[in-house]
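Worksheet for the structure shown next.
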Amino acid sequence: MEKQRTLASEGVLSGIALHTGARASLRMLPAPENTGIVFRRVDLPGKPEIRASVANVVDVQRGTTIASGKVAVYTIEHIMSSLHANFVDNCIVEMNGPEPPICDGSGIAFFETIRAAGVAEQNAEARFFTPPRPLRVEKGGTRIVIFPNPDALNISCVTSFRGCPFDPQFFEFTLATDAYFAEIAPGRTFVDYNDLRMLIGAGLCKGGSLDAAAIIYNGAIICKEKLRFNNEIVRHKILDLIGDLFLAGCRIRGDVIAIRPGHPSNVALAGLLTQEIAENK
């Protein structure tokens with residue numbers, strides 16, 4: 001019987017926020033059993049909290065945003081992915097603004113913050129869920145299906161970006177902490193140049209740079225350093241998927257086949273899982 005887990009001590013991380021360009025910092029704190037993952041805005045009066053759950057998702061464009069009333073936290077997927085990969089069930093994430101630091105656009109900094117803090121086992125039984133039947137999401141060119149498998153979270157993913165020199169890309173992954181750190185966490189955010197122009201025109205990406213993303217432009221990939229993997233895009237898509245599925249509120253197990261996934265389809269699948277969890281209590 002596996003037990004719930006939280007952090008053994010606090011973890012601290014700071015950097016530049018992607019869209020506002022402001023200095024951002026966060027603290028990951030231990031939390032009691034059955035707390036779940038909760039984000040706390042310490043920059044606002046009363047330090048309001050938002051539970052990381054599908055019910056609180058308000059936007060899935062360019063990232064996953066959660067909110068409670070008028071209080072929001074943007075782009076939580078890399079944090080959620082690293083917590084899911086470390087099997088951390090309970091954690092308070094304190095933030096001094098609406099965005100976490102973008103760091104290098106991957107999950108490495110968040111993973112290493114958790115590893116430095118350490119993970120502690122608690123007394124309560126860990127909560128797992130595998131769907132009793134296949135669940136499917138179709139949105140435009142996206143297809144995601146999860147099949148029952150009580151033993152592990154296995155993901156087979158294929159994605160395609162126009163103009164990318166390595167296209168399509170495919171990767172298979174079974175969620176395990178060390179494997180995640182080596183094979184998934186280093187995958188950085190990618191953006192198409194034309195999409196980037198629109199974001200900048202809308203006053204966003206003020207904190208963006210080649211330190212934090214790779215740009216797909218005219219058949220080439222532009223980045224500060226060489227690609228970490230030839231299929232780095234699909235690995236980052238798996239990183240996002242692992243984070244978004246954790247919004248179902250417990251550790252997820254199953255066999256996932258994902259074709260061109262994105263936050264809208266990821267969160268929709270997490271929503272179906274949440275419904276199944278409620279119906280199978």
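Naming works like this for the structure tokens: A, B, ... for the chains as they're shown, residue 1 at the start of each chain, ligands 1 onward in shown order.
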Exercise. Can you tell me, as a PyMOL selection string, what residues are no more than 8 Å from Gly254 in chain A when counting only C-alpha atoms, ignoring any on the same chain fewer than 3 positions away?
Worked result: chain A and resi 130-131+146-154
For this session: Write down as number ranges by chain the residues of range 55-213 of chain A whose backbone DSSP state falls under strand (DSSP E).
Result: A: 57-59, 65-68, 71-73, 91-95, 119-125, 128-129, 135-139, 142-147, 153-159, 169-174, 190-192
Exercise. Expressed in Å to a single decimal, how great is the separation between CA of Thr35 in chain A and CA of Phe111 in chain A?
Worked result: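 That distance, rounded to one decimal, is 20.2 Å.
In this comparison, which uses only C-alpha atoms, the residue of A:Glu276, A:Glu121, A:Asp59, A:Glu94 approaching Gly249 in chain A most closely is A:Glu276.
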Exercise. Can you list every residue in range 51-214 of chain A that DSSP puts in helix (DSSP H, G or I), as number ranges by chain?
Worked result: A: 54-56, 77-85, 108-117, 177-183, 193-201
Dump N, CA and C atoms for the selected residues as a short mmCIF file (atom, residue, chain, number, x, y, z; two decimals), in the first residue's frame?
data_model
loop_
_atom_site.label_atom_id
_atom_site.label_comp_id
_atom_site.auth_asym_id
_atom_site.auth_seq_id
_atom_site.Cartn_x
_atom_site.Cartn_y
_atom_site.Cartn_z
N VAL A 54 -9.49 20.58 -12.08
CA VAL A 54 -10.17 20.87 -13.34
C VAL A 54 -11.28 21.90 -13.14
N ALA A 55 -11.97 21.81 -12.01
CA ALA A 55 -13.09 22.72 -11.74
C ALA A 55 -12.66 24.18 -11.71
N ASN A 56 -11.37 24.43 -11.43
CA ASN A 56 -10.89 25.80 -11.33
C ASN A 56 -10.12 26.28 -12.56
N GLU A 77 1.33 24.35 -15.54
CA GLU A 77 1.51 22.98 -16.01
C GLU A 77 2.89 22.40 -15.71
N HIS A 78 3.96 23.22 -15.75
CA HIS A 78 5.29 22.68 -15.49
C HIS A 78 5.46 22.33 -14.01
N ILE A 79 4.88 23.14 -13.15
CA ILE A 79 4.90 22.83 -11.72
C ILE A 79 4.12 21.55 -11.45
N MET A 80 2.92 21.46 -12.00
CA MET A 80 2.07 20.29 -11.78
C MET A 80 2.73 19.02 -12.33
N SER A 81 3.40 19.14 -13.45
CA SER A 81 4.05 17.99 -14.06
C SER A 81 5.17 17.47 -13.16
N SER A 82 5.97 18.38 -12.62
CA SER A 82 7.08 17.97 -11.75
C SER A 82 6.57 17.36 -10.45
N LEU A 83 5.49 17.89 -9.91
CA LEU A 83 4.90 17.31 -8.70
C LEU A 83 4.35 15.91 -8.99
N HIS A 84 3.66 15.76 -10.11
CA HIS A 84 3.11 14.46 -10.50
C HIS A 84 4.23 13.44 -10.69
N ALA A 85 5.31 13.88 -11.32
CA ALA A 85 6.43 12.98 -11.60
C ALA A 85 7.15 12.55 -10.32
N ILE A 108 12.95 21.34 -15.70
CA ILE A 108 14.11 20.98 -14.89
C ILE A 108 14.17 21.76 -13.58
N ALA A 109 13.98 23.09 -13.64
CA ALA A 109 14.13 23.90 -12.43
C ALA A 109 13.10 23.52 -11.37
N PHE A 110 11.88 23.23 -11.78
CA PHE A 110 10.85 22.84 -10.82
C PHE A 110 11.16 21.46 -10.23
N PHE A 111 11.59 20.55 -11.09
CA PHE A 111 11.95 19.22 -10.62
C PHE A 111 13.09 19.29 -9.62
N GLU A 112 14.12 20.06 -9.93
CA GLU A 112 15.28 20.15 -9.04
C GLU A 112 14.93 20.85 -7.73
N THR A 113 13.98 21.78 -7.76
CA THR A 113 13.52 22.43 -6.53
C THR A 113 12.86 21.41 -5.62
N ILE A 114 12.04 20.54 -6.20
CA ILE A 114 11.39 19.48 -5.42
C ILE A 114 12.43 18.50 -4.89
N ARG A 115 13.37 18.13 -5.73
CA ARG A 115 14.41 17.17 -5.30
C ARG A 115 15.24 17.75 -4.16
N ALA A 116 15.57 19.05 -4.23
CA ALA A 116 16.35 19.68 -3.17
C ALA A 116 15.57 19.73 -1.86
N ALA A 117 14.26 19.96 -1.95
CA ALA A 117 13.41 20.00 -0.75
C ALA A 117 13.24 18.62 -0.15
N THR A 177 10.05 8.59 -11.65
CA THR A 177 10.70 9.84 -11.27
C THR A 177 12.04 10.04 -11.97
N ASP A 178 12.94 9.08 -11.89
CA ASP A 178 14.27 9.25 -12.48
C ASP A 178 14.20 9.34 -14.01
N ALA A 179 13.33 8.52 -14.60
CA ALA A 179 13.19 8.56 -16.06
C ALA A 179 12.63 9.91 -16.52
N TYR A 180 11.71 10.46 -15.73
CA TYR A 180 11.15 11.78 -16.06
C TYR A 180 12.24 12.84 -16.08
N PHE A 181 13.11 12.83 -15.07
CA PHE A 181 14.17 13.82 -14.99
C PHE A 181 15.11 13.72 -16.19
N ALA A 182 15.40 12.53 -16.64
CA ALA A 182 16.35 12.33 -17.74
C ALA A 182 15.72 12.55 -19.11
N GLU A 183 14.45 12.16 -19.27
CA GLU A 183 13.86 12.07 -20.60
C GLU A 183 12.77 13.09 -20.91
N TYR A 193 7.10 31.05 -34.96
CA TYR A 193 7.46 32.47 -35.06
C TYR A 193 6.25 33.35 -35.29
N ASN A 194 5.33 32.93 -36.16
CA ASN A 194 4.14 33.74 -36.43
C ASN A 194 3.26 33.87 -35.19
N ASP A 195 3.15 32.79 -34.42
CA ASP A 195 2.39 32.87 -33.17
C ASP A 195 3.08 33.81 -32.19
N LEU A 196 4.42 33.76 -32.16
CA LEU A 196 5.17 34.63 -31.26
C LEU A 196 4.95 36.09 -31.61
N ARG A 197 4.92 36.41 -32.89
CA ARG A 197 4.67 37.79 -33.31
C ARG A 197 3.32 38.27 -32.79
N MET A 198 2.31 37.42 -32.86
CA MET A 198 0.98 37.81 -32.38
C MET A 198 0.98 38.02 -30.87
N LEU A 199 1.69 37.16 -30.15
CA LEU A 199 1.75 37.28 -28.69
C LEU A 199 2.45 38.58 -28.29
N ILE A 200 3.54 38.89 -28.96
CA ILE A 200 4.26 40.13 -28.66
C ILE A 200 3.39 41.34 -29.00
N GLY A 201 2.66 41.25 -30.12
CA GLY A 201 1.76 42.33 -30.51
C GLY A 201 0.63 42.55 -29.51
#
